[in-house]
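The structure appears below as structure tokens.
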Amino acid sequence: MYKAKVVIKRKKSILDPQGKAAEHGAVLLGFKNITNVRIDKQVEFLVNVSDEETARGEVSEFCSKLLSNPSMEDFEINLDKIDEA
Amino acid sequence: MKRKFGVVVFPGSNCDHDSYHVLKHTLEQETVYLWHKDTDLQNCDVIILPGGFSYGDYIRTGAVAKLSPIMNSVIDFANKGGVVFGICNGFQILTESGLLPGTLIKNRDLKFVCKDIFVTAVNEDSLLTKSLEKKTLLTPVAHGEGNYFTDDETLQSLEKNNQIIFKYSSSKGEISDACNPNGSIHNIAGIMNKAGNVFGMMPHPERSSDRLLGKTDGLQIFESLLKNFIN
């Protein structure tokens with residue numbers, strides 16, 4: 001079994017209004033060194049297969065069909081093998 | 001000639017009754033509701049995807065709605081040339097389904113915008129705009145994610161193929177950033193597909209289609225659709 005952690009990131013070319021708002025908040029709080037704030041999404045779930053290639057394929061398909069919108073987002077997949085006791 | 005309209009009802013749709021009322025009672029067309037779990041489009045000539053918050057807008061607006069059984073039939077219908085009109089959440093569902101290009105992201109200032117605005121028809125040759133009595137129409141908007149975005153290549157293709165039908169404007173039809181309620185690229189408020197049978201717009205013409213509400217500009221859009229509809 002694998003634990004998947006997927007990070008859905010808005011493409012760099014797309015304005016991130018939430019990131020902009022957080023950046024503005026940082027200025028209001030007096031932070032002078034914080035720039036380029038981007039707010040992403042992280043999704044975690046389990047994949048009940050024994051080999052990494054199958055897990056990665058399934059996660060990738062799930063990401064492109066539902067978790068992300070390819071016209072505005074990219075995704076990164078991280079897989080951790082879980083020992084089944 | 002009478003047409004048959006189908007208004008799709010998703011869990012969380014909230015403008016389905018407004019659309020039904022305009023089509024059935026004001027325009028006196030045969031109109032039925034189509035439940036999201038059904039697959040039969042009941043021989044409708046036109047499918048309306050209404051406004052609201054389908055499936056709570058979880059994941060992204062329209063992302064779960066596109067997977068419902070009725071949408072398989074709607075996509076099939078649209079690909080065969082059937083007329084589909086998505087309003088607000090319906091527009092979001094159409095972009096998620098891939099029936100219309102681009103996407104609708106959070107409004108520029110992160111606020112839910114709910115007010116009367118003006119849109120100007122920039123393509124006067126579409127089913128929805130061919131018979132408008134005037135180019136600039138008052139229509140309400142009510143959305144948090146209406147900021148139309150697409151990459152440069154798609155934008156150029158939309159322009160080249162005359163697919164942009166409405167832009168946010170002043171009451172006099174001037175298109176400027178000051179009249180843009182949500183940050184949409186090039187003030188885009190509504191588009192259609194290349195074939196000209198699938199339409200999406202963020203403003204709500206069904207909410208400005210009844211004399212009792214004191215505004216009727218939106219009705220012109222539905223009347224244009226009816227007048228120019230060809231089987």
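So you can find residues: chains in the structure tokens are A, B, ... in the order shown, residues in each start at 1, and ligands are numbered from 1 in order.
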Pull out every residue of chain A that has at least one atom within 9 Å of chain B, counting only C-alpha atoms, and report them as a ChimeraX atom specification. /A:13-18,21,66-69,71-72
Selection file, N, CA and C atoms, as an mmCIF file, in the first residue's frame:
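Written file, selection-v3.cif:
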```cif
data_model
loop_
_atom_site.group_PDB
_atom_site.id
_atom_site.type_symbol
_atom_site.label_atom_id
_atom_site.label_comp_id
_atom_site.auth_asym_id
_atom_site.auth_seq_id
_atom_site.Cartn_x
_atom_site.Cartn_y
_atom_site.Cartn_z
ATOM 1 N N SER A 13 1.704 31.189 -14.466
ATOM 2 C CA SER A 13 1.181 32.290 -15.293
ATOM 3 C C SER A 13 -0.187 32.776 -14.803
ATOM 4 N N ILE A 14 -0.778 32.036 -13.863
ATOM 5 C CA ILE A 14 -2.131 32.394 -13.427
ATOM 6 C C ILE A 14 -2.084 33.148 -12.108
ATOM 7 N N LEU A 15 -2.793 34.243 -12.078
ATOM 8 C CA LEU A 15 -2.867 35.052 -10.861
ATOM 9 C C LEU A 15 -3.455 34.208 -9.732
ATOM 10 N N ASP A 16 -2.855 34.327 -8.547
ATOM 11 C CA ASP A 16 -3.366 33.621 -7.382
ATOM 12 C C ASP A 16 -3.908 34.673 -6.411
ATOM 13 N N PRO A 17 -5.221 34.985 -6.509
ATOM 14 C CA PRO A 17 -5.756 36.066 -5.673
ATOM 15 C C PRO A 17 -5.598 35.799 -4.179
ATOM 16 N N GLN A 18 -5.670 34.518 -3.765
ATOM 17 C CA GLN A 18 -5.502 34.218 -2.335
ATOM 18 C C GLN A 18 -4.069 34.481 -1.888
ATOM 19 N N ALA A 21 -3.605 38.138 -1.551
ATOM 20 C CA ALA A 21 -4.219 38.668 -0.334
ATOM 21 C C ALA A 21 -3.332 38.372 0.879
ATOM 22 N N LEU A 66 -9.860 14.602 -11.917
ATOM 23 C CA LEU A 66 -10.718 15.252 -10.930
ATOM 24 C C LEU A 66 -10.013 16.278 -10.040
ATOM 25 N N LEU A 67 -8.888 15.882 -9.437
ATOM 26 C CA LEU A 67 -8.293 16.757 -8.420
ATOM 27 C C LEU A 67 -7.731 18.059 -8.974
ATOM 28 N N SER A 68 -7.290 18.046 -10.235
ATOM 29 C CA SER A 68 -6.759 19.290 -10.800
ATOM 30 C C SER A 68 -7.443 19.609 -12.114
ATOM 31 N N ASN A 69 -7.374 20.868 -12.488
ATOM 32 C CA ASN A 69 -7.889 21.302 -13.788
ATOM 33 C C ASN A 69 -6.672 21.641 -14.647
ATOM 34 N N SER A 71 -6.121 23.057 -17.275
ATOM 35 C CA SER A 71 -5.975 24.363 -17.911
ATOM 36 C C SER A 71 -5.474 25.425 -16.935
ATOM 37 N N MET A 72 -5.474 25.147 -15.632
ATOM 38 C CA MET A 72 -4.945 26.164 -14.719
ATOM 39 C C MET A 72 -4.022 25.619 -13.631
#
```
Residues near region 40-51 of chain A, cut-off 12 Å, only C-alpha atoms, skip fewer than 2 positions along chain, as a PDB file with N, CA and C atoms, in the first residue's frame:
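Okay, this is what ended up in out.pdb:
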```pdb
ATOM      1  N   MET A   1       0.833  -1.191   0.000  1.00  0.00           N
ATOM      2  CA  MET A   1       0.000   0.000   0.000  1.00  0.00           C
ATOM      3  C   MET A   1       0.879   1.258   0.000  1.00  0.00           C
ATOM      4  N   TYR A   2       0.362   2.312  -0.633  1.00  0.00           N
ATOM      5  CA  TYR A   2       1.108   3.574  -0.686  1.00  0.00           C
ATOM      6  C   TYR A   2       0.274   4.706  -0.107  1.00  0.00           C
ATOM      7  N   LYS A   3       0.981   5.611   0.550  1.00  0.00           N
ATOM      8  CA  LYS A   3       0.312   6.842   0.965  1.00  0.00           C
ATOM      9  C   LYS A   3       0.691   7.900  -0.055  1.00  0.00           C
ATOM     10  N   ALA A   4      -0.329   8.501  -0.670  1.00  0.00           N
ATOM     11  CA  ALA A   4      -0.060   9.530  -1.675  1.00  0.00           C
ATOM     12  C   ALA A   4      -0.287  10.908  -1.078  1.00  0.00           C
ATOM     13  N   LYS A   5       0.668  11.781  -1.352  1.00  0.00           N
ATOM     14  CA  LYS A   5       0.487  13.197  -1.008  1.00  0.00           C
ATOM     15  C   LYS A   5       0.600  13.952  -2.322  1.00  0.00           C
ATOM     16  N   VAL A   6      -0.476  14.595  -2.700  1.00  0.00           N
ATOM     17  CA  VAL A   6      -0.484  15.300  -3.977  1.00  0.00           C
ATOM     18  C   VAL A   6      -0.571  16.797  -3.721  1.00  0.00           C
ATOM     19  N   VAL A   7       0.295  17.549  -4.364  1.00  0.00           N
ATOM     20  CA  VAL A   7       0.231  19.003  -4.242  1.00  0.00           C
ATOM     21  C   VAL A   7      -0.296  19.563  -5.566  1.00  0.00           C
ATOM     22  N   ILE A   8      -1.421  20.275  -5.475  1.00  0.00           N
ATOM     23  CA  ILE A   8      -2.013  20.883  -6.672  1.00  0.00           C
ATOM     24  C   ILE A   8      -1.590  22.351  -6.688  1.00  0.00           C
ATOM     25  N   LYS A   9      -0.877  22.718  -7.726  1.00  0.00           N
ATOM     26  CA  LYS A   9      -0.346  24.082  -7.802  1.00  0.00           C
ATOM     27  C   LYS A   9      -0.947  24.818  -8.972  1.00  0.00           C
ATOM     28  N   ARG A  10      -1.366  26.033  -8.707  1.00  0.00           N
ATOM     29  CA  ARG A  10      -1.824  26.902  -9.778  1.00  0.00           C
ATOM     30  C   ARG A  10      -0.634  27.219 -10.676  1.00  0.00           C
ATOM     31  N   LYS A  11      -0.831  27.179 -11.986  1.00  0.00           N
ATOM     32  CA  LYS A  11       0.283  27.468 -12.893  1.00  0.00           C
ATOM     33  C   LYS A  11       0.829  28.865 -12.624  1.00  0.00           C
ATOM     34  N   LYS A  12       2.136  29.013 -12.803  1.00  0.00           N
ATOM     35  CA  LYS A  12       2.816  30.284 -12.504  1.00  0.00           C
ATOM     36  C   LYS A  12       2.194  31.465 -13.242  1.00  0.00           C
ATOM     37  N   ASP A  16      -2.855  34.327  -8.547  1.00  0.00           N
ATOM     38  CA  ASP A  16      -3.366  33.621  -7.382  1.00  0.00           C
ATOM     39  C   ASP A  16      -3.908  34.673  -6.411  1.00  0.00           C
ATOM     40  N   PRO A  17      -5.221  34.985  -6.509  1.00  0.00           N
ATOM     41  CA  PRO A  17      -5.756  36.066  -5.673  1.00  0.00           C
ATOM     42  C   PRO A  17      -5.598  35.799  -4.179  1.00  0.00           C
ATOM     43  N   GLN A  18      -5.670  34.518  -3.765  1.00  0.00           N
ATOM     44  CA  GLN A  18      -5.502  34.218  -2.335  1.00  0.00           C
ATOM     45  C   GLN A  18      -4.069  34.481  -1.888  1.00  0.00           C
ATOM     46  N   GLY A  19      -3.128  34.080  -2.735  1.00  0.00           N
ATOM     47  CA  GLY A  19      -1.718  34.332  -2.442  1.00  0.00           C
ATOM     48  C   GLY A  19      -1.444  35.825  -2.339  1.00  0.00           C
ATOM     49  N   VAL A  37       3.937  34.985  -2.565  1.00  0.00           N
ATOM     50  CA  VAL A  37       3.134  34.001  -1.835  1.00  0.00           C
ATOM     51  C   VAL A  37       2.206  33.279  -2.819  1.00  0.00           C
ATOM     52  N   ARG A  38       2.219  31.967  -2.804  1.00  0.00           N
ATOM     53  CA  ARG A  38       1.304  31.172  -3.625  1.00  0.00           C
ATOM     54  C   ARG A  38       0.604  30.191  -2.693  1.00  0.00           C
ATOM     55  N   GLU A  53       4.738   1.709  -9.600  1.00  0.00           N
ATOM     56  CA  GLU A  53       4.365   2.169 -10.939  1.00  0.00           C
ATOM     57  C   GLU A  53       2.837   2.219 -11.107  1.00  0.00           C
ATOM     58  N   THR A  54       2.177   1.142 -10.644  1.00  0.00           N
ATOM     59  CA  THR A  54       0.712   1.123 -10.730  1.00  0.00           C
ATOM     60  C   THR A  54       0.122   2.241  -9.876  1.00  0.00           C
ATOM     61  N   ALA A  55       0.691   2.424  -8.668  1.00  0.00           N
ATOM     62  CA  ALA A  55       0.189   3.464  -7.769  1.00  0.00           C
ATOM     63  C   ALA A  55       0.310   4.831  -8.435  1.00  0.00           C
ATOM     64  N   ARG A  56       1.482   5.093  -9.001  1.00  0.00           N
ATOM     65  CA  ARG A  56       1.725   6.392  -9.621  1.00  0.00           C
ATOM     66  C   ARG A  56       0.769   6.634 -10.807  1.00  0.00           C
ATOM     67  N   GLY A  57       0.555   5.586 -11.578  1.00  0.00           N
ATOM     68  CA  GLY A  57      -0.344   5.702 -12.735  1.00  0.00           C
ATOM     69  C   GLY A  57      -1.754   6.050 -12.308  1.00  0.00           C
ATOM     70  N   GLU A  58      -2.215   5.368 -11.250  1.00  0.00           N
ATOM     71  CA  GLU A  58      -3.582   5.590 -10.797  1.00  0.00           C
ATOM     72  C   GLU A  58      -3.756   6.988 -10.194  1.00  0.00           C
ATOM     73  N   VAL A  59      -2.746   7.394  -9.408  1.00  0.00           N
ATOM     74  CA  VAL A  59      -2.797   8.718  -8.773  1.00  0.00           C
ATOM     75  C   VAL A  59      -2.786   9.808  -9.845  1.00  0.00           C
ATOM     76  N   SER A  60      -1.943   9.602 -10.842  1.00  0.00           N
ATOM     77  CA  SER A  60      -1.831  10.597 -11.906  1.00  0.00           C
ATOM     78  C   SER A  60      -3.159  10.758 -12.654  1.00  0.00           C
ATOM     79  N   PHE A  62      -6.173  10.060 -11.453  1.00  0.00           N
ATOM     80  CA  PHE A  62      -7.115  10.680 -10.510  1.00  0.00           C
ATOM     81  C   PHE A  62      -6.892  12.198 -10.495  1.00  0.00           C
ATOM     82  N   CYS A  63      -5.616  12.598 -10.505  1.00  0.00           N
ATOM     83  CA  CYS A  63      -5.275  14.026 -10.487  1.00  0.00           C
ATOM     84  C   CYS A  63      -5.753  14.725 -11.754  1.00  0.00           C
ATOM     85  N   LEU A  66      -9.860  14.602 -11.917  1.00  0.00           N
ATOM     86  CA  LEU A  66     -10.718  15.252 -10.930  1.00  0.00           C
ATOM     87  C   LEU A  66     -10.013  16.278 -10.040  1.00  0.00           C
ATOM     88  N   LEU A  67      -8.888  15.882  -9.437  1.00  0.00           N
ATOM     89  CA  LEU A  67      -8.293  16.757  -8.420  1.00  0.00           C
ATOM     90  C   LEU A  67      -7.731  18.059  -8.974  1.00  0.00           C
ATOM     91  N   SER A  68      -7.290  18.046 -10.235  1.00  0.00           N
ATOM     92  CA  SER A  68      -6.759  19.290 -10.800  1.00  0.00           C
ATOM     93  C   SER A  68      -7.443  19.609 -12.114  1.00  0.00           C
ATOM     94  N   GLU A  73      -3.939  24.292 -13.512  1.00  0.00           N
ATOM     95  CA  GLU A  73      -3.143  23.749 -12.409  1.00  0.00           C
ATOM     96  C   GLU A  73      -2.176  22.648 -12.865  1.00  0.00           C
ATOM     97  N   ASP A  74      -1.082  22.515 -12.132  1.00  0.00           N
ATOM     98  CA  ASP A  74      -0.158  21.387 -12.278  1.00  0.00           C
ATOM     99  C   ASP A  74      -0.214  20.604 -10.974  1.00  0.00           C
ATOM    100  N   PHE A  75       0.287  19.372 -10.995  1.00  0.00           N
ATOM    101  CA  PHE A  75       0.327  18.626  -9.729  1.00  0.00           C
ATOM    102  C   PHE A  75       1.636  17.885  -9.555  1.00  0.00           C
ATOM    103  N   GLU A  76       1.982  17.671  -8.281  1.00  0.00           N
ATOM    104  CA  GLU A  76       3.187  16.917  -7.931  1.00  0.00           C
ATOM    105  C   GLU A  76       2.759  15.739  -7.076  1.00  0.00           C
ATOM    106  N   ILE A  77       3.292  14.561  -7.399  1.00  0.00           N
ATOM    107  CA  ILE A  77       2.891  13.360  -6.655  1.00  0.00           C
ATOM    108  C   ILE A  77       4.038  12.875  -5.789  1.00  0.00           C
ATOM    109  N   ASN A  78       3.763  12.664  -4.513  1.00  0.00           N
ATOM    110  CA  ASN A  78       4.745  12.045  -3.619  1.00  0.00           C
ATOM    111  C   ASN A  78       4.138  10.762  -3.065  1.00  0.00           C
ATOM    112  N   LEU A  79       4.889   9.656  -3.206  1.00  0.00           N
ATOM    113  CA  LEU A  79       4.371   8.370  -2.727  1.00  0.00           C
ATOM    114  C   LEU A  79       5.281   7.805  -1.628  1.00  0.00           C
ATOM    115  N   ASP A  80       4.677   7.334  -0.551  1.00  0.00           N
ATOM    116  CA  ASP A  80       5.430   6.656   0.523  1.00  0.00           C
ATOM    117  C   ASP A  80       4.895   5.252   0.690  1.00  0.00           C
ATOM    118  N   LYS A  81       5.772   4.264   0.665  1.00  0.00           N
ATOM    119  CA  LYS A  81       5.312   2.894   0.855  1.00  0.00           C
ATOM    120  C   LYS A  81       4.976   2.675   2.326  1.00  0.00           C
ATOM    121  N   ILE A  82       3.843   2.040   2.557  1.00  0.00           N
ATOM    122  CA  ILE A  82       3.449   1.756   3.939  1.00  0.00           C
ATOM    123  C   ILE A  82       3.563   0.253   4.154  1.00  0.00           C
ATOM    124  N   ASP A  83       4.257  -0.121   5.221  1.00  0.00           N
ATOM    125  CA  ASP A  83       4.363  -1.551   5.539  1.00  0.00           C
ATOM    126  C   ASP A  83       3.057  -2.039   6.096  1.00  0.00           C
ATOM    127  N   GLU A  84       2.550  -3.111   5.488  1.00  0.00           N
ATOM    128  CA  GLU A  84       1.287  -3.643   5.987  1.00  0.00           C
ATOM    129  C   GLU A  84       1.578  -4.715   7.035  1.00  0.00           C
TER     130      GLU A  84
ATOM    131  N   ILE B  59     -13.924  20.733  -4.401  1.00  0.00           N
ATOM    132  CA  ILE B  59     -12.745  20.554  -5.260  1.00  0.00           C
ATOM    133  C   ILE B  59     -12.539  21.809  -6.120  1.00  0.00           C
ATOM    134  N   ARG B  60     -13.421  22.026  -7.072  1.00  0.00           N
ATOM    135  CA  ARG B  60     -13.470  23.271  -7.845  1.00  0.00           C
ATOM    136  C   ARG B  60     -14.912  23.425  -8.303  1.00  0.00           C
TER     137      ARG B  60
END
```
At a cut-off of 12 Å, using only C-alpha atoms, what residues contact Ala195 (chain B)? Leave out same-chain residues fewer than 6 positions from it and give the result as a ChimeraX atom specification. /B:78-84,99-100,126-127,158,161-163
So which one's closest to Asp16 (chain B), B:Leu132, B:Met1, B:Ala121, B:Ile87? Using only C-alpha atoms, please.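 Counting only C-alpha atoms, the residue closest to Asp16 (chain B) is B:Ile87.
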Apply DSSP to the backbone of this structure and, from region 82-204 of chain B, keep only the residues in strand (DSSP E or B); write these as a PyMOL selection string. chain B and resi 83-87+103-105+113-121+136-143+147-149+164-169+188-192+198-201
Need the shell around Asn228 (chain B): protein/DNA/RNA residues with any atom at most 10 Å away, counting only C-alpha atoms. Skip same-chain ones fewer than 2 positions apart. Format as a list in words?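 Contacts, with the query itself left out: Ser126, Leu127, Leu128, Thr129, Lys130, Ser131, Glu223, Ser224, Leu225, Leu226, Ile230 and Asn231 of chain B.
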Gap from CA of Tyr148 (chain B) to CA of Leu34 (chain B) - Å, one decimal: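 Separating CA of Tyr148 (chain B) from CA of Leu34 (chain B) is a distance of 27.3 Å.
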